[in-house]
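The data block below is coords-v4.cif; it holds mmCIF, C-alpha atoms.
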data_work
#
loop_
_atom_site.label_atom_id
_atom_site.label_comp_id
_atom_site.auth_asym_id
_atom_site.auth_seq_id
_atom_site.Cartn_x
_atom_site.Cartn_y
_atom_site.Cartn_z
CA MET L 1 8.64 163.04 254.35
CA ILE L 2 5.22 163.19 256.05
CA SER L 3 3.26 159.96 255.87
CA PHE L 4 -0.47 159.68 255.31
CA LYS L 5 -0.20 156.00 254.36
CA ASN L 6 -1.94 154.52 257.40
CA ASP L 7 -3.17 155.08 260.94
CA TYR L 8 -0.56 152.95 262.68
CA SER L 9 2.65 154.68 261.62
CA GLU L 10 3.16 156.16 265.08
CA GLY L 11 3.61 154.37 268.41
CA ALA L 12 0.92 154.77 271.04
CA CYS L 13 -1.02 157.58 272.68
CA PRO L 14 0.52 159.20 275.80
CA GLU L 15 -1.97 157.56 278.17
CA ILE L 16 -0.82 154.11 277.09
CA MET L 17 2.89 154.93 277.13
CA GLN L 18 2.62 156.37 280.63
CA ALA L 19 0.73 153.30 281.85
CA MET L 20 3.30 150.99 280.28
CA MET L 21 6.13 152.73 282.10
CA LYS L 22 4.23 152.86 285.38
CA THR L 23 3.50 149.13 285.34
CA ASN L 24 6.74 147.98 283.73
CA ARG L 25 8.31 146.47 286.86
CA LEU L 26 5.16 144.90 288.23
CA GLN L 27 4.79 141.15 288.08
CA SER L 28 1.64 139.41 286.90
CA ASP L 29 0.38 136.09 285.56
CA GLY L 30 0.73 135.51 281.82
CA TYR L 31 -1.54 134.73 278.89
CA GLY L 32 -4.15 137.36 279.73
CA LEU L 33 -4.88 136.02 283.22
CA ASP L 34 -3.84 139.20 284.96
CA PRO L 35 -5.61 142.07 286.74
CA PHE L 36 -4.95 144.50 283.86
CA CYS L 37 -6.81 142.32 281.35
CA GLU L 38 -9.63 141.73 283.81
CA GLY L 39 -9.97 145.46 284.40
CA ALA L 40 -9.95 146.17 280.68
CA LYS L 41 -12.61 143.51 280.06
CA GLU L 42 -14.87 145.05 282.67
CA ARG L 43 -14.48 148.50 281.14
CA ILE L 44 -15.33 147.11 277.71
CA ARG L 45 -18.42 145.34 279.06
CA GLN L 46 -19.56 148.65 280.51
CA LYS L 47 -18.93 150.48 277.23
CA VAL L 48 -20.87 147.94 275.14
CA GLY L 49 -23.66 147.67 277.70
CA ASN L 50 -23.47 143.89 278.05
CA ALA L 51 -22.29 142.40 281.32
CA ASP L 52 -22.42 138.84 279.96
CA CYS L 53 -20.25 139.18 276.85
CA ASP L 54 -16.86 137.47 276.72
CA VAL L 55 -13.83 139.62 275.88
CA HIS L 56 -10.51 138.36 274.54
CA PHE L 57 -7.43 140.29 273.45
CA LEU L 58 -5.42 139.50 270.32
CA VAL L 59 -2.46 141.26 268.79
CA GLY L 60 -3.77 142.21 265.32
CA GLY L 61 -6.67 142.23 262.92
CA THR L 62 -5.73 139.31 260.68
CA GLN L 63 -5.09 137.17 263.75
CA ALA L 64 -8.48 138.18 265.15
CA ASN L 65 -10.28 137.50 261.86
CA LEU L 66 -8.84 134.05 261.28
CA THR L 67 -9.28 132.98 264.91
CA ILE L 68 -12.90 134.12 265.04
CA ILE L 69 -13.85 132.51 261.73
CA ALA L 70 -12.01 129.26 262.46
CA SER L 71 -13.66 129.06 265.87
CA ALA L 72 -17.19 129.78 264.63
CA LEU L 73 -17.38 127.66 261.49
CA ARG L 74 -17.42 123.94 260.80
CA PRO L 75 -14.87 122.67 258.22
CA TYR L 76 -17.43 122.71 255.40
CA GLU L 77 -18.79 126.17 256.18
CA ALA L 78 -17.89 129.47 254.48
CA VAL L 79 -17.98 133.18 255.22
CA ILE L 80 -19.62 135.86 253.07
CA ALA L 81 -17.83 139.18 252.50
CA ALA L 82 -17.80 142.18 250.18
CA GLU L 83 -15.35 141.97 247.29
CA SER L 84 -13.24 144.67 248.96
CA GLY L 85 -13.45 142.94 252.36
CA HIS L 86 -10.17 142.70 254.22
CA ILE L 87 -10.43 138.92 254.58
CA ASN L 88 -10.87 138.64 250.82
CA VAL L 89 -8.16 141.02 249.64
CA HIS L 90 -5.51 141.82 252.23
CA GLU L 91 -4.97 138.76 254.41
CA THR L 92 -2.89 136.52 252.13
CA GLY L 93 -5.33 133.63 252.19
CA ALA L 94 -5.32 133.45 256.00
CA ILE L 95 -9.01 132.54 256.13
CA GLU L 96 -8.67 129.95 253.39
CA GLY L 97 -5.63 128.67 255.27
CA THR L 98 -7.89 127.73 258.18
CA GLY L 99 -10.02 125.70 255.75
CA HIS L 100 -12.84 128.15 255.13
CA LYS L 101 -13.82 129.64 251.80
CA VAL L 102 -14.51 133.37 251.49
CA ILE L 103 -17.53 133.91 249.23
CA VAL L 104 -17.82 137.35 247.64
CA ALA L 105 -21.25 139.00 247.76
CA ASP L 106 -22.50 142.00 245.84
CA SER L 107 -21.70 145.25 247.59
CA ALA L 108 -22.26 148.98 247.28
CA GLN L 109 -19.85 151.61 248.59
CA GLY L 110 -17.84 148.85 250.25
CA LYS L 111 -20.87 147.47 252.14
CA VAL L 112 -22.46 144.08 251.53
CA THR L 113 -26.05 144.28 250.28
CA LEU L 114 -29.03 142.24 251.42
CA GLU L 115 -29.55 141.05 247.87
CA GLY L 116 -25.92 139.99 247.72
CA ILE L 117 -26.22 137.90 250.88
CA ARG L 118 -29.46 136.30 249.71
CA LYS L 119 -27.99 135.50 246.30
CA VAL L 120 -24.99 133.74 247.84
CA VAL L 121 -27.08 131.70 250.28
CA THR L 122 -29.65 130.58 247.73
CA ALA L 123 -26.94 129.66 245.21
CA HIS L 124 -25.40 127.16 247.64
CA THR L 125 -28.05 124.48 247.68
CA ASP L 126 -26.65 121.20 248.96
CA GLU L 127 -23.78 119.25 250.49
CA HIS L 128 -21.81 119.32 247.23
CA MET L 129 -21.04 122.99 247.90
CA VAL L 130 -19.68 124.88 250.88
CA LYS L 131 -22.38 126.08 253.26
CA PRO L 132 -22.52 129.86 253.92
CA ALA L 133 -22.60 130.27 257.69
CA MET L 134 -21.34 133.78 258.49
CA VAL L 135 -21.54 137.31 257.14
CA TYR L 136 -18.36 139.35 257.60
CA ILE L 137 -18.51 143.13 257.49
CA SER L 138 -16.01 145.81 258.45
CA ASN L 139 -16.94 149.13 259.99
CA ALA L 140 -15.51 151.44 258.80
CA THR L 141 -15.20 149.64 255.45
CA GLU L 142 -12.06 149.40 253.35
CA ILE L 143 -13.10 152.58 251.53
CA GLY L 144 -13.98 154.53 254.66
CA THR L 145 -17.76 154.23 254.52
CA VAL L 146 -19.88 153.32 257.56
CA TYR L 147 -22.91 151.14 258.20
CA THR L 148 -26.04 152.82 259.53
CA LYS L 149 -28.16 151.29 262.27
CA ALA L 150 -30.89 150.56 259.73
CA GLU L 151 -28.42 148.77 257.44
CA LEU L 152 -26.95 146.72 260.27
CA SER L 153 -30.43 145.84 261.54
CA SER L 154 -31.43 144.65 258.07
CA ILE L 155 -28.33 142.49 257.82
CA ARG L 156 -29.13 141.05 261.25
CA ARG L 157 -32.61 140.10 260.06
CA ILE L 158 -31.37 138.34 256.93
CA CYS L 159 -28.74 136.52 259.01
CA ASP L 160 -31.51 135.32 261.32
CA GLU L 161 -33.58 134.28 258.30
CA TYR L 162 -30.80 132.04 256.97
CA GLY L 163 -29.15 131.03 260.24
CA LEU L 164 -25.94 133.00 259.66
CA TYR L 165 -23.58 134.48 262.21
CA LEU L 166 -22.91 138.22 261.89
CA PHE L 167 -19.29 139.24 262.50
CA MET L 168 -18.07 142.84 262.44
CA ASP L 169 -14.39 143.59 261.88
CA GLY L 170 -13.83 146.68 263.99
CA ALA L 171 -10.23 147.47 263.11
CA ARG L 172 -11.39 151.05 262.49
CA LEU L 173 -14.49 150.95 264.67
CA GLY L 174 -13.44 154.08 266.54
CA SER L 175 -13.37 156.07 263.33
CA ALA L 176 -16.75 154.66 262.30
CA LEU L 177 -18.38 155.51 265.63
CA MET L 178 -17.09 159.08 265.50
CA ALA L 179 -18.10 159.69 261.86
CA SER L 180 -20.47 162.61 261.39
CA ASP L 181 -23.12 160.43 259.74
CA ASN L 182 -22.89 157.53 262.19
CA ASP L 183 -25.96 156.63 264.23
CA LEU L 184 -24.65 153.41 265.80
CA LYS L 185 -23.53 153.04 269.40
CA LEU L 186 -21.33 150.30 270.82
CA SER L 187 -24.41 148.94 272.56
CA ASP L 188 -26.21 148.69 269.20
CA ILE L 189 -23.35 146.69 267.75
CA ALA L 190 -23.36 144.35 270.74
CA GLU L 191 -27.09 143.86 270.29
CA LEU L 192 -26.99 143.24 266.53
CA CYS L 193 -23.74 141.28 266.02
CA ASP L 194 -22.88 137.82 267.26
CA ILE L 195 -19.23 138.75 267.55
CA PHE L 196 -17.13 141.83 266.80
CA TYR L 197 -13.90 143.44 267.80
CA ILE L 198 -12.75 146.87 268.89
CA GLY L 199 -9.58 147.89 267.09
CA GLY L 200 -6.72 149.35 269.08
CA THR L 201 -3.86 149.04 266.57
CA LYS L 202 -5.37 151.69 264.30
CA ASN L 203 -6.64 153.90 267.10
CA GLY L 204 -3.86 154.79 269.47
CA ALA L 205 -2.54 151.46 270.77
CA LEU L 206 0.87 149.97 270.11
CA PHE L 207 -1.03 146.88 268.97
CA GLY L 208 -4.13 144.94 269.90
CA GLU L 209 -7.77 144.14 269.17
CA ALA L 210 -10.47 143.37 271.73
CA VAL L 211 -12.76 140.56 270.58
CA VAL L 212 -16.27 140.79 272.05
CA ILE L 213 -18.36 137.60 271.92
CA VAL L 214 -22.08 138.07 272.46
CA ASN L 215 -23.54 134.82 271.08
CA GLU L 216 -23.33 132.08 273.70
CA ARG L 217 -22.65 129.43 271.05
CA LEU L 218 -19.39 131.14 270.09
CA LYS L 219 -17.94 131.47 273.59
CA LYS L 220 -16.98 127.85 274.24
CA ASP L 221 -13.25 127.05 274.00
CA PHE L 222 -12.32 130.36 272.36
CA ARG L 223 -9.10 130.51 274.37
CA TYR L 224 -8.19 127.11 272.92
CA MET L 225 -8.58 128.58 269.44
CA ILE L 226 -6.44 131.58 270.34
CA LYS L 227 -3.66 129.29 271.53
CA HIS L 228 -4.07 126.92 268.58
CA HIS L 229 -3.56 129.79 266.14
CA GLY L 230 -0.53 131.22 267.93
CA GLY L 231 -2.37 134.22 269.30
CA MET L 232 -1.99 133.72 273.05
CA LEU L 233 0.55 136.33 274.09
CA ALA L 234 2.66 135.29 277.08
CA LYS L 235 2.86 138.91 278.21
CA GLY L 236 -0.88 139.29 277.73
CA ARG L 237 -1.02 142.13 280.21
CA LEU L 238 0.49 144.39 277.53
CA LEU L 239 -2.85 144.13 275.75
CA GLY L 240 -4.87 144.57 278.92
CA ILE L 241 -2.98 147.70 279.97
CA GLN L 242 -3.57 149.31 276.60
CA PHE L 243 -7.31 148.64 276.46
CA TYR L 244 -7.72 149.62 280.10
CA GLU L 245 -6.37 153.05 279.15
CA LEU L 246 -8.26 153.29 275.84
CA MET L 247 -11.53 152.54 277.62
CA ASN L 248 -10.89 155.11 280.34
CA GLY L 249 -13.57 157.77 279.91
CA THR L 250 -13.60 159.03 276.31
CA VAL L 251 -9.96 158.37 275.39
CA PHE L 252 -10.75 155.83 272.63
CA PHE L 253 -13.38 158.08 271.09
CA ASP L 254 -11.34 161.28 271.37
CA LEU L 255 -8.43 159.69 269.48
CA ALA L 256 -10.75 158.63 266.66
CA LYS L 257 -12.48 162.00 266.62
CA HIS L 258 -9.15 163.75 266.02
CA ALA L 259 -8.19 161.36 263.20
CA ASN L 260 -11.54 161.95 261.49
CA ALA L 261 -11.29 165.71 261.88
CA MET L 262 -7.87 165.81 260.21
CA ALA L 263 -9.09 163.70 257.29
CA GLN L 264 -12.22 165.76 256.84
CA LYS L 265 -10.18 168.97 256.80
CA LEU L 266 -8.17 167.52 253.92
CA GLN L 267 -11.27 166.30 252.10
CA ASP L 268 -12.94 169.70 252.42
CA ALA L 269 -9.84 171.30 250.90
CA PHE L 270 -9.90 168.84 247.98
CA LEU L 271 -13.50 169.77 247.26
CA GLN L 272 -12.70 173.49 247.45
CA LEU L 273 -9.89 172.95 244.95
CA ASN L 274 -12.27 171.06 242.63
CA CYS L 275 -10.27 167.89 243.13
CA PRO L 276 -12.54 164.90 242.40
CA LEU L 277 -13.04 162.11 244.94
CA PHE L 278 -13.06 158.39 244.28
CA VAL L 279 -15.59 158.15 247.12
CA LYS L 280 -16.67 160.72 249.69
CA THR L 281 -16.24 159.53 253.27
CA THR L 282 -16.81 160.76 256.80
CA THR L 283 -14.01 158.80 258.47
CA ASN L 284 -10.21 158.98 258.59
CA GLN L 285 -9.70 157.46 255.13
CA ILE L 286 -10.16 159.74 252.11
CA PHE L 287 -9.69 159.08 248.42
CA PRO L 288 -8.84 162.04 246.18
CA ILE L 289 -8.17 161.63 242.47
CA PHE L 290 -5.05 163.46 241.28
CA ASP L 291 -3.57 164.23 237.93
CA ASP L 292 -0.43 162.10 237.78
CA GLU L 293 1.84 165.13 237.42
CA ILE L 294 0.37 166.69 240.56
CA LEU L 295 0.69 163.38 242.40
CA ALA L 296 4.34 163.11 241.41
CA GLU L 297 5.01 166.54 242.92
CA MET L 298 3.11 165.79 246.14
CA ASP L 299 4.91 162.45 246.49
CA LYS L 300 8.17 164.33 247.00
CA ARG L 301 7.01 165.42 250.47
CA TYR L 302 3.97 163.33 251.37
CA ALA L 303 3.52 159.56 251.36
CA CYS L 304 0.15 158.02 250.58
CA THR L 305 -1.16 154.76 249.07
CA ILE L 306 -1.98 154.32 245.39
CA TRP L 307 -5.54 153.02 245.35
CA GLU L 308 -6.65 152.70 241.74
CA LYS L 309 -5.77 154.01 238.30
CA VAL L 310 -8.77 156.05 237.14
CA SER L 311 -7.61 157.09 233.67
CA ASP L 312 -4.44 157.30 231.60
CA HIS L 313 -3.38 160.42 233.50
CA THR L 314 -5.27 160.34 236.80
CA THR L 315 -4.94 158.16 239.91
CA ALA L 316 -7.03 157.66 243.03
CA VAL L 317 -4.98 157.58 246.21
CA ARG L 318 -5.82 156.73 249.80
CA ILE L 319 -4.88 159.25 252.46
CA VAL L 320 -5.23 158.11 256.08
CA THR L 321 -4.94 160.24 259.20
CA SER L 322 -4.43 159.07 262.77
CA TRP L 323 -4.77 160.05 266.40
CA ALA L 324 -1.28 161.58 266.11
CA THR L 325 -1.69 163.51 262.84
CA LYS L 326 -0.54 167.09 263.37
CA GLU L 327 -2.85 169.80 262.12
CA GLU L 328 0.14 171.82 260.95
CA ASP L 329 1.09 168.90 258.66
CA VAL L 330 -2.43 168.89 257.26
CA ASP L 331 -2.25 172.64 256.68
CA ARG L 332 1.14 172.28 255.00
CA TYR L 333 -0.24 169.58 252.71
CA ILE L 334 -3.17 171.80 251.72
CA ASP L 335 -0.91 174.80 251.08
CA ASP L 336 1.47 172.75 248.93
CA LEU L 337 -1.39 171.23 246.95
CA ARG L 338 -2.95 174.64 246.38
CA ARG L 339 0.38 175.97 245.12
CA ILE L 340 0.94 173.03 242.77
CA MET L 341 -2.59 173.12 241.37
CA LYS L 342 -2.42 176.81 240.42
#
As structure tokens, how would this structure be written, given the file I've shared?
Amino acid sequence: MISFKNDYSEGACPEIMQAMMKTNRLQSDGYGLDPFCEGAKERIRQKVGNADCDVHFLVGGTQANLTIIASALRPYEAVIAAESGHINVHETGAIEGTGHKVIVADSAQGKVTLEGIRKVVTAHTDEHMVKPAMVYISNATEIGTVYTKAELSSIRRICDEYGLYLFMDGARLGSALMASDNDLKLSDIAELCDIFYIGGTKNGALFGEAVVIVNERLKKDFRYMIKHHGGMLAKGRLLGIQFYELMNGTVFFDLAKHANAMAQKLQDAFLQLNCPLFVKTTTNQIFPIFDDEILAEMDKRYACTIWEKVSDHTTAVRIVTSWATKEEDVDRYIDDLRRIMK
């Protein structure tokens, strides 16, 4: 069985595994106060073009999301997200568990709209309602689409208009940055967002997300919040080592580029076979729509995620490729699909 269910099925890229073995016997201070984490932070600051940003390492995306939102918002404040947003759908009430409501805004292609943000803010008028205080976006989105620089700039402006923080979930930021239609750089994101994170778990690391805090108001006591929410890893250097290697030259970007290329090869084949798409993407998540009989045959050899029932006899699935996806497996998938669809 070959899995296309997610981009974290495999372990870690060779650069990280080699570094882990090389440093395994070395001793260091715990809780992220080690030379590896400091070196990784400095490399990240260089990549984002901001020497003054704070960088913190957490183990996973949900942990990063809840810690960031709990740290930024007062108890009566809420966060705005697209209906498909990860914090709204796939985090088991983690945000609500910290005492903050997730308010759904209108979206298009998985991206929150300016009108949606404005509608939410203006609908919450007084102290008898929660107060919207943050806009949450993910890039790439849950359906593999990406924000353009113009879109992100417009969201920044409306956040400034209403006094909202702008937070970007970057679990798949590598894939977004390497998308063929992307025009954002890491430095743009650091300029336009108050806080964001660079995802390692879904781009070649064993685990880990690097939280980058740009807004001075959000920096104070963030380590307290990490500890309070159980996110302060005693062996914090394991995170630092991984991001030090990911941020070495173009490693992080090369891993994402490969994942995107494998997905786009599959998507091109679907189009050539006249297989409809639920949404067309430029990242490592693609969404073909299969006749259920064809899907049943493909499921015998290839694992993917059921996304949405489209009709009585057709289903949209999500196929995800990773830094480790083998091109021969992609070719085999295409050949088998071509044979079944004849």
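Omitting segment 305-318 of chain L and its sequence neighbours fewer than 6 positions away, and counting only C-alpha atoms, the residues within 8 Å are Phe4, Lys5, Leu277, Phe278, Gln285, Ile286, Phe287, Pro288, Ile289, Phe290, Asp291 and Asp292 of chain L.
Considering all atoms listed in the file, the residue among L:Arg339, L:Thr92, L:Val120, L:Lys220 positioned nearest to Gln63 of chain L is L:Thr92.
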Write out, as a tab-separated table, each residue of segment 25-105 of chain L that has an atom at most 8 Å from segment 139-142 of chain L, together with the closest pair of atoms and their distance in Å to one decimal, counting all atoms listed in the file, rows going by chain and rising number.
residue	atom	partner	partner_atom	distance
L:Ser84	CA	L:Glu142	CA	6.6
L:Gly85	CA	L:Glu142	CA	6.7
L:His86	CA	L:Glu142	CA	7.0
Mind dumping the selected residues with C-alpha atoms as a CSV table (one decimal), keeping the file's coordinate frame?
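Written file, result.csv:
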chain,number,residue,atom,x,y,z
L,84,SER,CA,-13.2,144.7,249.0
L,85,GLY,CA,-13.4,142.9,252.4
L,86,HIS,CA,-10.2,142.7,254.2
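Proximity ranking of L:Leu26, L:Cys13, L:Ala269, L:Ala94 relative to Ala64 of chain L places L:Ala94 first, based on all atoms listed in the file.
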> In terms of the shortest atom-to-atom distance over all atoms listed in the file, which of L:Tyr31, L:Tyr162, L:Phe57, L:Phe167 is closest to Val211 of chain L?
Replying inline: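 Closest to Val211 of chain L of all the choices is L:Phe57.
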>> One decimal, in Å: what's the spacing between atom CA of Ala105 of chain L and atom CA of Ala82 of chain L?
In response: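 That distance, rounded to one decimal, is 5.3 Å.
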> Selected by the PyMOL selection byres ((chain L and resi 109) around 9) in the shown coordinates: which residues, as a ChimeraX atom specification?
Replying inline: /L:107-108,110-112,141,143-145,279
> Which residues come within 8 Å of segment 247-263 of chain L, counting all atoms listed in the file, excluding same-chain residues fewer than 5 positions away, as a list in words?
Replying inline: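 Using all atoms listed in the file, the neighbours found are Ala40, Arg43, Ile44, Lys47, Gly174, Ser175, Leu177, Met178, Ala179, Asn203, Gly204, Thr282, Thr283, Asn284, Gln285, Ile286, Ile319, Val320, Thr321, Ser322, Trp323, Ala324, Thr325, Glu327 and Val330 of chain L.
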